[in-house]
Every structure is written in structure tokens, then in C-alpha cells.
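Here's query29.tsv, which has TSV, C-alpha atoms:
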chain	number	residue	atom	x	y	z
A	6	MET	CA	0.00	0.00	0.00
A	7	LYS	CA	1.27	3.46	-0.85
A	8	THR	CA	1.41	5.80	2.11
A	9	ASN	CA	1.49	9.43	1.16
A	10	TYR	CA	2.79	12.51	2.93
A	11	LEU	CA	5.47	10.68	4.93
A	12	LEU	CA	9.06	11.89	4.96
A	13	PRO	CA	11.94	9.66	3.79
A	14	GLN	CA	13.31	7.24	6.39
A	15	LYS	CA	16.57	9.18	6.95
A	16	PHE	CA	14.60	12.13	8.36
A	17	LYS	CA	14.11	10.17	11.60
A	18	SER	CA	17.88	10.16	12.23
A	19	ILE	CA	18.10	13.83	11.28
A	20	GLY	CA	15.28	14.55	13.73
A	21	ILE	CA	17.01	12.72	16.57
A	22	VAL	CA	20.33	14.45	15.86
A	23	LEU	CA	18.53	17.84	15.82
A	24	LEU	CA	16.48	17.13	18.94
A	25	VAL	CA	19.42	16.45	21.29
A	26	PRO	CA	21.11	19.90	21.05
A	27	THR	CA	17.70	21.58	20.84
A	28	LEU	CA	16.61	19.99	24.14
A	29	LEU	CA	19.91	20.98	25.74
A	30	MET	CA	19.48	24.57	24.57
A	31	ALA	CA	15.84	24.57	25.71
A	32	VAL	CA	16.82	23.49	29.24
A	33	LEU	CA	19.55	26.16	29.38
A	34	TYR	CA	17.16	28.81	28.05
A	35	LEU	CA	14.22	27.91	30.32
A	36	PHE	CA	16.12	27.39	33.57
A	37	TYR	CA	19.13	29.70	33.20
A	38	ASP	CA	17.83	32.35	30.73
A	39	PHE	CA	20.73	31.43	28.49
A	40	GLU	CA	20.84	33.28	25.16
A	41	LEU	CA	23.50	33.16	22.47
A	42	SER	CA	24.72	36.74	22.03
A	43	PHE	CA	25.61	36.26	18.36
A	44	LEU	CA	21.92	35.65	17.69
A	45	ASP	CA	21.02	39.32	18.20
A	46	PHE	CA	19.29	40.33	15.00
A	47	ARG	CA	17.03	42.93	13.51
A	48	VAL	CA	13.96	40.88	12.58
A	49	PHE	CA	10.70	41.59	10.82
A	50	SER	CA	7.61	41.29	13.03
A	51	ILE	CA	4.00	41.28	11.93
A	52	ILE	CA	2.82	42.07	15.45
A	53	ASN	CA	5.04	43.03	18.38
A	54	GLU	CA	3.24	43.75	21.63
A	55	PRO	CA	5.67	44.45	24.47
A	56	ILE	CA	4.63	44.06	28.14
A	57	MET	CA	4.96	47.83	28.54
A	58	GLY	CA	3.82	49.93	25.60
A	59	ASP	CA	1.61	49.70	22.56
A	60	ALA	CA	1.52	47.02	19.91
A	61	GLU	CA	3.50	47.62	16.75
A	62	HIS	CA	2.60	46.17	13.37
A	63	PHE	CA	4.76	45.28	10.37
A	64	LYS	CA	7.98	46.69	11.78
A	65	PHE	CA	11.60	45.63	12.12
A	66	ILE	CA	12.55	45.06	15.76
A	67	ASP	CA	15.75	44.10	17.59
A	68	ASP	CA	15.55	40.66	19.14
A	69	ASN	CA	17.68	37.76	20.27
A	70	ILE	CA	16.36	34.81	18.29
A	71	THR	CA	17.66	32.01	20.57
A	72	ASN	CA	14.13	31.12	21.74
A	73	GLU	CA	12.71	31.28	18.21
A	74	LEU	CA	15.42	28.94	16.94
A	75	ILE	CA	14.81	26.52	19.83
A	76	ALA	CA	11.09	26.41	18.99
A	77	VAL	CA	11.69	26.02	15.25
A	78	PHE	CA	14.24	23.22	15.70
A	79	ALA	CA	12.09	21.49	18.34
A	80	ILE	CA	9.07	21.45	16.00
A	81	LEU	CA	11.14	20.37	13.00
A	82	SER	CA	12.92	17.58	14.86
A	83	LEU	CA	9.67	16.26	16.35
A	84	VAL	CA	7.93	16.39	12.95
A	85	PHE	CA	10.88	14.56	11.37
A	86	ILE	CA	10.79	11.83	14.05
A	87	ALA	CA	7.00	11.54	13.99
A	88	PHE	CA	6.35	11.48	10.27
A	89	SER	CA	9.28	9.72	8.67
A	90	LYS	CA	8.79	6.36	7.00
A	91	ARG	CA	9.71	3.16	8.81
A	92	LYS	CA	11.79	0.41	7.21
A	93	VAL	CA	8.60	-1.55	6.51
A	94	GLU	CA	5.68	0.76	5.84
A	95	ASP	CA	2.56	-1.29	5.11
A	96	GLU	CA	-1.16	-0.86	5.70
A	97	LEU	CA	-1.04	-2.11	9.30
A	98	VAL	CA	1.60	0.48	10.17
A	99	ALA	CA	-0.52	3.16	8.45
A	100	ASP	CA	-3.52	2.01	10.52
A	101	ILE	CA	-1.52	2.15	13.77
A	102	ARG	CA	-0.16	5.57	12.77
A	103	LEU	CA	-3.66	6.93	12.22
A	104	LYS	CA	-5.00	5.48	15.48
A	105	SER	CA	-1.99	6.84	17.37
A	106	LEU	CA	-2.58	10.31	15.95
A	107	LEU	CA	-6.20	10.15	17.09
A	108	GLY	CA	-5.18	8.85	20.52
A	109	ALA	CA	-2.49	11.53	20.88
A	110	THR	CA	-4.95	14.27	19.90
A	111	TYR	CA	-7.45	13.09	22.53
A	112	ILE	CA	-4.74	12.90	25.22
A	113	ASN	CA	-3.30	16.29	24.26
A	114	TYR	CA	-6.64	18.08	24.45
A	115	LEU	CA	-7.71	16.28	27.63
A	116	VAL	CA	-4.50	17.50	29.27
A	117	LEU	CA	-5.11	21.00	27.86
A	118	LEU	CA	-8.72	21.03	29.14
A	119	PHE	CA	-7.44	20.05	32.59
A	120	CYS	CA	-4.84	22.83	32.46
A	121	ILE	CA	-7.41	25.42	31.31
A	122	LEU	CA	-9.51	24.63	34.37
A	123	PHE	CA	-6.76	24.36	36.97
A	124	PHE	CA	-3.77	26.45	35.87
A	125	TYR	CA	-3.94	30.24	35.87
A	126	ASN	CA	-2.02	33.36	34.86
A	127	PHE	CA	1.68	32.94	34.18
A	128	THR	CA	1.59	29.17	34.76
A	129	PHE	CA	-0.98	28.80	31.98
A	130	MET	CA	1.37	30.62	29.60
A	131	TRP	CA	3.93	27.88	30.31
A	132	VAL	CA	1.25	25.28	29.57
A	133	MET	CA	0.49	26.93	26.21
A	134	MET	CA	4.17	27.04	25.38
A	135	PHE	CA	4.64	23.33	26.05
A	136	ASN	CA	1.38	22.56	24.27
A	137	MET	CA	3.05	23.56	21.00
A	138	PHE	CA	5.06	20.35	21.23
A	139	THR	CA	2.96	17.92	23.27
A	140	LEU	CA	0.72	16.69	20.43
A	141	LEU	CA	3.77	15.52	18.48
A	142	LEU	CA	5.38	14.15	21.63
A	143	PHE	CA	2.28	12.16	22.65
A	144	PHE	CA	1.99	10.83	19.08
A	145	ILE	CA	5.64	9.69	18.99
A	146	ILE	CA	5.32	7.93	22.36
A	147	HIS	CA	1.96	6.30	21.51
A	148	PHE	CA	2.99	5.18	18.02
A	149	ASN	CA	6.36	3.76	19.04
A	150	PHE	CA	4.81	1.96	22.02
A	151	LYS	CA	2.27	0.32	19.69
A	152	MET	CA	5.01	-0.60	17.20
A	153	ILE	CA	7.11	-2.21	19.94
A	154	GLN	CA	4.02	-4.19	21.02
A	155	LEU	CA	3.45	-5.28	17.40
A	156	ASN	CA	7.06	-6.33	16.85
A	157	ARG	CA	6.95	-8.55	19.94
A	158	LYS	CA	4.16	-10.65	18.40
B	23	MET	CA	-14.20	-11.46	10.08
B	24	LYS	CA	-12.89	-15.03	10.19
B	25	ASN	CA	-10.09	-16.24	8.02
B	26	SER	CA	-8.43	-19.50	7.06
B	27	LEU	CA	-5.09	-17.96	6.24
B	28	LYS	CA	-3.21	-20.30	8.55
B	29	VAL	CA	-4.80	-23.34	6.87
B	30	GLU	CA	-4.02	-22.02	3.39
B	31	ARG	CA	-0.43	-21.37	4.43
B	32	ALA	CA	-0.15	-24.88	5.86
B	33	LYS	CA	-1.46	-26.38	2.61
B	34	LYS	CA	1.33	-24.63	0.71
B	35	ASP	CA	3.86	-25.18	3.52
B	36	MET	CA	4.47	-21.45	3.61
B	37	THR	CA	5.69	-19.38	6.57
B	38	GLN	CA	4.21	-16.03	7.60
B	39	ALA	CA	7.42	-14.34	6.50
B	40	GLU	CA	7.27	-15.94	3.04
B	41	LEU	CA	3.67	-14.89	2.53
B	42	ALA	CA	4.47	-11.40	3.83
B	43	LYS	CA	7.26	-11.06	1.27
B	44	LEU	CA	4.97	-12.17	-1.57
B	45	VAL	CA	2.30	-9.60	-0.78
B	46	ASN	CA	4.74	-6.87	0.27
B	47	VAL	CA	3.80	-6.44	3.94
B	48	SER	CA	5.55	-7.24	7.22
B	49	ARG	CA	5.38	-10.65	8.93
B	50	GLN	CA	3.67	-8.91	11.85
B	51	THR	CA	0.86	-7.81	9.53
B	52	ILE	CA	0.22	-11.40	8.41
B	53	ASN	CA	0.30	-12.48	12.06
B	54	ALA	CA	-2.18	-9.73	13.03
B	55	ILE	CA	-4.53	-10.77	10.19
B	56	GLU	CA	-4.36	-14.46	11.15
B	57	SER	CA	-5.07	-13.75	14.80
B	58	GLY	CA	-7.99	-11.48	13.87
B	59	ASP	CA	-6.37	-8.36	15.38
B	60	TYR	CA	-6.43	-6.48	12.10
B	61	ASN	CA	-9.02	-6.22	9.34
B	62	LEU	CA	-7.06	-6.03	6.13
B	63	SER	CA	-7.82	-3.92	3.07
B	64	THR	CA	-9.60	-5.28	-0.01
B	65	ILE	CA	-6.41	-4.93	-2.05
B	66	LEU	CA	-4.40	-7.02	0.38
B	67	ALA	CA	-7.19	-9.64	0.59
B	68	LEU	CA	-7.15	-9.90	-3.22
B	69	LYS	CA	-3.35	-10.16	-3.28
B	70	ILE	CA	-3.40	-12.96	-0.69
B	71	SER	CA	-6.13	-14.88	-2.51
B	72	LYS	CA	-4.08	-14.54	-5.71
B	73	VAL	CA	-1.06	-16.08	-3.99
B	74	PHE	CA	-3.14	-19.09	-2.91
B	75	GLN	CA	-5.06	-19.14	-6.21
B	76	VAL	CA	-8.43	-19.25	-4.49
B	77	ASN	CA	-11.45	-16.97	-4.23
B	78	VAL	CA	-11.28	-14.23	-1.54
B	79	LYS	CA	-14.40	-15.71	0.07
B	80	ASP	CA	-12.59	-19.03	0.46
B	81	ILE	CA	-10.14	-17.39	2.87
B	82	PHE	CA	-12.02	-14.48	4.41
B	83	LEU	CA	-15.51	-14.92	5.81
B	84	LEU	CA	-17.89	-12.49	7.46
B	85	GLU	CA	-19.12	-13.41	10.93
B	86	ALA	CA	-22.58	-12.74	12.35
B	87	LYS	CA	-21.20	-9.85	14.43
B	88	ASP	CA	-19.96	-8.13	11.25
B	89	LEU	CA	-23.46	-7.94	9.77

As C-alpha cells, what does this structure read like?
Amino acid sequence: MKTNYLLPQKFKSIGIVLLVPTLLMAVLYLFYDFELSFLDFRVFSIINEPIMGDAEHFKFIDDNITNELIAVFAILSLVFIAFSKRKVEDELVADIRLKSLLGATYINYLVLLFCILFFYNFTFMWVMMFNMFTLLLFFIIHFNFKMIQLNRK
Amino acid sequence: MKNSLKVERAKKDMTQAELAKLVNVSRQTINAIESGDYNLSTILALKISKVFQVNVKDIFLLEAKDL
């Protein structure tokens, strides 16, 4: 069976290689406010609303893009790991993939609903930040768990 | 859906891995079909019946609960 929209198999390795330094940088950034000084750039923003002051639209602003790069590489690496082809990609794997995506979506939004009801203010902002990645993360865990189960049979 | 895949394989003295290779799926997929854990596609059912040179209905049968 032909499975469309999957990335070539080698993207999984690329994703893993990308994810390791990205996670390291994310930990340093989140817990130690670590930013790479050579990543100070003048960047184009569609909307820039600082904590103090008015929102600006369609303007160039000065920013350190460490956090943006961490987010971009985290999403890319997780997408690469999640949606790259396996060595054997048949209709059963496609079925498990689809069910895992459904399961991960349910889990992700159940967790988010819980957080909406019980986490407030700044803590909820952290939840929203992590929620950018959790759907992919839940999918990867669910899918690989099911594949390990299948390979044991 | 019931199936007599195991019987058909035995008749031809064929392993799950050999059948899997012939129809271009993994051995685990053949195992999941045989144990009733997975309902295969029409295309795969036709491919399997072609390998055994029998009618699809001779291998795959609907059960009362499917109706």
C-alpha cells in the first residue's frame, strides 16, 4: 500500500540528531535564561506587543532569536521523528499511525482542558508554550509503544 | 471477520514471512490478520487470494457480528 505525505526514512535520524542539542538549549534557556549573544538580530515582526507599551505592526525590531530557533528546531525535529517512513511501511503500520494520531490528539486536548480549568495566569502561559510540542510528543510515544508491542508478536 | 489464512499457508507449507514477502507487507501484519487483530484492506485480501489461487471468500468470511 502506498502511504502518502510521509518523509523519507533518513529524516528520523536527522530529527534525533537535531532534537538532542535543541533539548539541551531549551533546558539552558528555560532554567538559566541562556541566550547566544551572536543571535542578536534585527527581525521583521507582523505584530510586536511588548509588556509595557503599545503594539506595533509590520515593523523591524531588535531581538535575540535564541528562543525562536529553539522552537523552530524542536518542532522540525519532532515532525521529522513523527512522520518519517519506517523500514517496513505497510497498511497495518498506516492504521496504527492513524490510530496513534487520534489517541495523541485526545490525550493532548484532555491535558489541555485540565490545564485550562486548573492552571492560571503565568503558569498557563507555560502550559500553552509546552502545548506547541505535546501533540507531536504524545503521538511519537503512543505510536512507538504500539510498534514495539506489534514487533513482539 | 474469520479467516483461514493459517490453513491455506499450511497447505502450501508457507511461513508467515514468506507470505508477507509475496504480498509486500511485514510478517507482523500477516500475524495480526491471522489472529484477527487487524481487518485487512480489499487490495491485500485480493493479493493474498491470488497467492493461494483461491477466491477471496474461500479465505475471508464475514461473521454474524460483522453484519

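If we count only C-alpha atoms, these residues of chain A sit within 8 Å of chain B: Val93, Glu94, Asp95, Glu96, Leu97, Leu155, Asn156 and Lys158 of chain A.
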
Can I get the selection written as a PDB file, in the coordinates of the input, with C-alpha atoms?
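Wrote selection-v8.pdb, looks like this:
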ATOM      1  CA  VAL A  93       8.600  -1.550   6.510  1.00  0.00           C
ATOM      2  CA  GLU A  94       5.680   0.760   5.840  1.00  0.00           C
ATOM      3  CA  ASP A  95       2.560  -1.290   5.110  1.00  0.00           C
ATOM      4  CA  GLU A  96      -1.160  -0.860   5.700  1.00  0.00           C
ATOM      5  CA  LEU A  97      -1.040  -2.110   9.300  1.00  0.00           C
ATOM      6  CA  LEU A 155       3.450  -5.280  17.400  1.00  0.00           C
ATOM      7  CA  ASN A 156       7.060  -6.330  16.850  1.00  0.00           C
ATOM      8  CA  LYS A 158       4.160 -10.650  18.400  1.00  0.00           C
TER       9      LYS A 158
END

**Item:** Spatial neighbours of Leu12 of chain A, max dist 9 Å, all atoms listed in the file, sep filter under 2 positions, as a list in words
**Value:**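 Residues meeting the cut-off are Asn9, Tyr10, Gln14, Lys15, Phe16, Lys17, Phe85, Phe88, Ser89 and Lys90 of chain A.
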
**Message:** Just the number, please: distance in Å from atom CA of Tyr114 of chain A to atom CA of Leu140 of chain A, one decimal.
**Reply:** 8.5 Å

Counting all atoms listed in the file, which residues sit no farther than 12 Å from the position (-4.5, 1.1, 15.2) in the file's frame? I'd like them as an mmCIF file with C-alpha atoms, in the frame of the given file.
data_model
loop_
_atom_site.group_PDB
_atom_site.id
_atom_site.type_symbol
_atom_site.label_atom_id
_atom_site.label_comp_id
_atom_site.auth_asym_id
_atom_site.auth_seq_id
_atom_site.Cartn_x
_atom_site.Cartn_y
_atom_site.Cartn_z
ATOM 1 C CA GLU A 96 -1.160 -0.860 5.700
ATOM 2 C CA LEU A 97 -1.040 -2.110 9.300
ATOM 3 C CA VAL A 98 1.600 0.480 10.170
ATOM 4 C CA ALA A 99 -0.520 3.160 8.450
ATOM 5 C CA ASP A 100 -3.520 2.010 10.520
ATOM 6 C CA ILE A 101 -1.520 2.150 13.770
ATOM 7 C CA ARG A 102 -0.160 5.570 12.770
ATOM 8 C CA LEU A 103 -3.660 6.930 12.220
ATOM 9 C CA LYS A 104 -5.000 5.480 15.480
ATOM 10 C CA SER A 105 -1.990 6.840 17.370
ATOM 11 C CA LEU A 106 -2.580 10.310 15.950
ATOM 12 C CA LEU A 107 -6.200 10.150 17.090
ATOM 13 C CA GLY A 108 -5.180 8.850 20.520
ATOM 14 C CA HIS A 147 1.960 6.300 21.510
ATOM 15 C CA PHE A 148 2.990 5.180 18.020
ATOM 16 C CA ASN A 149 6.360 3.760 19.040
ATOM 17 C CA PHE A 150 4.810 1.960 22.020
ATOM 18 C CA LYS A 151 2.270 0.320 19.690
ATOM 19 C CA MET A 152 5.010 -0.600 17.200
ATOM 20 C CA GLN A 154 4.020 -4.190 21.020
ATOM 21 C CA LEU A 155 3.450 -5.280 17.400
ATOM 22 C CA THR B 51 0.860 -7.810 9.530
ATOM 23 C CA ALA B 54 -2.180 -9.730 13.030
ATOM 24 C CA ASP B 59 -6.370 -8.360 15.380
ATOM 25 C CA TYR B 60 -6.430 -6.480 12.100
ATOM 26 C CA ASN B 61 -9.020 -6.220 9.340
ATOM 27 C CA LEU B 62 -7.060 -6.030 6.130
#

**Request:** Rounded to one decimal place, report the atom CA of Glu40 of chain B-atom CA of Leu68 of chain B distance in Å.
**Result:**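 Taking atom CA of Glu40 of chain B and atom CA of Leu68 of chain B, their separation equals 16.8 Å.
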
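The coordinates place atom CA of Ser82 of chain A at 28.7 Å from atom CA of Glu54 of chain A.
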
**Item:** Selection near Ser71 of chain B, 10 Å with all atoms listed in the file, sequence-local residues under 5 positions removed, as a ChimeraX atom specification
**Value:** /B:27,30,65-66,76-82

**Asked** Out of B:Leu44, B:Ala39, B:Ala67, B:Leu83, which residue has the shortest atom-to-atom distance to Asn25 of chain B when counting only C-alpha atoms?
**Response** B:Leu83

**Asked** B:Ala86, B:Val73, B:Val29, B:Met23: which is nearest Ala42 of chain B, counting all atoms listed in the file?
**Response** B:Val73

**Residue with smallest distance to Lys24 of chain B - pool B:Lys43, B:Thr37, B:Glu56, B:Phe74, counting only C-alpha atoms** =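 Closest to Lys24 of chain B of all the choices is B:Glu56.
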
**Counting only C-alpha atoms, the residue of A:Ile146, A:Ile75, A:Ile153, A:Leu115 that sits nearest Leu29 of chain A** =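 Going through A:Ile146, A:Ile75, A:Ile153, A:Leu115 one by one, the smallest distance to Leu29 of chain A is for A:Ile75.
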
**Asked** Within 7 Å of Leu44 of chain A, counting all atoms listed in the file, which residues qualify if same-chain residues fewer than 5 places away don't, as a ChimeraX atom specification?
**Response** /A:69-71

**Prompt:** Can you tell me, as a list of chain:residue names, what residues are no more than 12 Å from Pro55 of chain A when counting all atoms listed in the file, ignoring any on the same chain fewer than 4 positions away?
**Reply:**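 With the cut-off at 12 Å, the set is A:Asp59, A:Ala60, A:Glu61, A:His62, A:Ile66, A:Asp68.
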
**For Asp38 of chain A: contacts at 12 Å, all atoms listed in the file, fewer than 5 positions along chain excluded, given as a PyMOL selection string** = chain A and resi 30-33+69+71-72

Kindly reconstruct segment 30-55 of chain B with N, CA and C atoms and present the result as a PDB file, keeping the file's coordinate frame.
ATOM      1  N   GLU B  30      -4.514 -22.185   4.761  1.00  0.00           N
ATOM      2  CA  GLU B  30      -4.020 -22.020   3.390  1.00  0.00           C
ATOM      3  C   GLU B  30      -2.496 -22.026   3.353  1.00  0.00           C
ATOM      4  N   ARG B  31      -1.904 -21.390   4.359  1.00  0.00           N
ATOM      5  CA  ARG B  31      -0.430 -21.370   4.430  1.00  0.00           C
ATOM      6  C   ARG B  31       0.099 -22.786   4.637  1.00  0.00           C
ATOM      7  N   ALA B  32      -0.577 -23.507   5.537  1.00  0.00           N
ATOM      8  CA  ALA B  32      -0.150 -24.880   5.860  1.00  0.00           C
ATOM      9  C   ALA B  32      -0.231 -25.777   4.619  1.00  0.00           C
ATOM     10  N   LYS B  33      -1.288 -25.573   3.831  1.00  0.00           N
ATOM     11  CA  LYS B  33      -1.460 -26.380   2.610  1.00  0.00           C
ATOM     12  C   LYS B  33      -0.271 -26.186   1.670  1.00  0.00           C
ATOM     13  N   LYS B  34       0.216 -24.946   1.622  1.00  0.00           N
ATOM     14  CA  LYS B  34       1.330 -24.630   0.710  1.00  0.00           C
ATOM     15  C   LYS B  34       2.687 -24.710   1.425  1.00  0.00           C
ATOM     16  N   ASP B  35       2.652 -25.103   2.709  1.00  0.00           N
ATOM     17  CA  ASP B  35       3.860 -25.180   3.520  1.00  0.00           C
ATOM     18  C   ASP B  35       4.642 -23.854   3.455  1.00  0.00           C
ATOM     19  N   MET B  36       3.904 -22.798   3.745  1.00  0.00           N
ATOM     20  CA  MET B  36       4.470 -21.450   3.610  1.00  0.00           C
ATOM     21  C   MET B  36       4.520 -20.769   4.981  1.00  0.00           C
ATOM     22  N   THR B  37       5.600 -20.100   5.283  1.00  0.00           N
ATOM     23  CA  THR B  37       5.690 -19.380   6.570  1.00  0.00           C
ATOM     24  C   THR B  37       5.025 -18.009   6.449  1.00  0.00           C
ATOM     25  N   GLN B  38       4.780 -17.396   7.603  1.00  0.00           N
ATOM     26  CA  GLN B  38       4.210 -16.030   7.600  1.00  0.00           C
ATOM     27  C   GLN B  38       5.140 -15.068   6.870  1.00  0.00           C
ATOM     28  N   ALA B  39       6.436 -15.242   7.118  1.00  0.00           N
ATOM     29  CA  ALA B  39       7.420 -14.340   6.500  1.00  0.00           C
ATOM     30  C   ALA B  39       7.426 -14.482   4.973  1.00  0.00           C
ATOM     31  N   GLU B  40       7.282 -15.717   4.497  1.00  0.00           N
ATOM     32  CA  GLU B  40       7.270 -15.940   3.040  1.00  0.00           C
ATOM     33  C   GLU B  40       6.033 -15.304   2.403  1.00  0.00           C
ATOM     34  N   LEU B  41       4.892 -15.500   3.051  1.00  0.00           N
ATOM     35  CA  LEU B  41       3.670 -14.890   2.530  1.00  0.00           C
ATOM     36  C   LEU B  41       3.776 -13.359   2.562  1.00  0.00           C
ATOM     37  N   ALA B  42       4.315 -12.860   3.668  1.00  0.00           N
ATOM     38  CA  ALA B  42       4.470 -11.400   3.830  1.00  0.00           C
ATOM     39  C   ALA B  42       5.301 -10.824   2.680  1.00  0.00           C
ATOM     40  N   LYS B  43       6.375 -11.532   2.339  1.00  0.00           N
ATOM     41  CA  LYS B  43       7.260 -11.060   1.270  1.00  0.00           C
ATOM     42  C   LYS B  43       6.516 -11.044  -0.075  1.00  0.00           C
ATOM     43  N   LEU B  44       5.694 -12.063  -0.291  1.00  0.00           N
ATOM     44  CA  LEU B  44       4.970 -12.170  -1.570  1.00  0.00           C
ATOM     45  C   LEU B  44       3.939 -11.056  -1.755  1.00  0.00           C
ATOM     46  N   VAL B  45       3.336 -10.635  -0.648  1.00  0.00           N
ATOM     47  CA  VAL B  45       2.300  -9.600  -0.780  1.00  0.00           C
ATOM     48  C   VAL B  45       2.791  -8.222  -0.306  1.00  0.00           C
ATOM     49  N   ASN B  46       4.094  -8.151  -0.042  1.00  0.00           N
ATOM     50  CA  ASN B  46       4.740  -6.870   0.270  1.00  0.00           C
ATOM     51  C   ASN B  46       4.240  -6.193   1.559  1.00  0.00           C
ATOM     52  N   VAL B  47       4.099  -7.005   2.607  1.00  0.00           N
ATOM     53  CA  VAL B  47       3.800  -6.440   3.940  1.00  0.00           C
ATOM     54  C   VAL B  47       4.770  -7.077   4.940  1.00  0.00           C
ATOM     55  N   SER B  48       4.663  -6.659   6.219  1.00  0.00           N
ATOM     56  CA  SER B  48       5.550  -7.240   7.220  1.00  0.00           C
ATOM     57  C   SER B  48       4.977  -8.561   7.746  1.00  0.00           C
ATOM     58  N   ARG B  49       5.848  -9.384   8.344  1.00  0.00           N
ATOM     59  CA  ARG B  49       5.380 -10.650   8.930  1.00  0.00           C
ATOM     60  C   ARG B  49       4.362 -10.373  10.032  1.00  0.00           C
ATOM     61  N   GLN B  50       4.590  -9.273  10.758  1.00  0.00           N
ATOM     62  CA  GLN B  50       3.670  -8.910  11.850  1.00  0.00           C
ATOM     63  C   GLN B  50       2.262  -8.633  11.324  1.00  0.00           C
ATOM     64  N   THR B  51       2.180  -8.098  10.107  1.00  0.00           N
ATOM     65  CA  THR B  51       0.860  -7.810   9.530  1.00  0.00           C
ATOM     66  C   THR B  51       0.124  -9.118   9.240  1.00  0.00           C
ATOM     67  N   ILE B  52       0.838 -10.090   8.675  1.00  0.00           N
ATOM     68  CA  ILE B  52       0.220 -11.400   8.410  1.00  0.00           C
ATOM     69  C   ILE B  52      -0.226 -12.037   9.720  1.00  0.00           C
ATOM     70  N   ASN B  53       0.628 -11.933  10.736  1.00  0.00           N
ATOM     71  CA  ASN B  53       0.300 -12.480  12.060  1.00  0.00           C
ATOM     72  C   ASN B  53      -0.950 -11.802  12.637  1.00  0.00           C
ATOM     73  N   ALA B  54      -1.021 -10.474  12.499  1.00  0.00           N
ATOM     74  CA  ALA B  54      -2.180  -9.730  13.030  1.00  0.00           C
ATOM     75  C   ALA B  54      -3.462 -10.108  12.289  1.00  0.00           C
ATOM     76  N   ILE B  55      -3.351 -10.366  10.978  1.00  0.00           N
ATOM     77  CA  ILE B  55      -4.530 -10.770  10.190  1.00  0.00           C
ATOM     78  C   ILE B  55      -4.984 -12.166  10.651  1.00  0.00           C
TER      79      ILE B  55
END
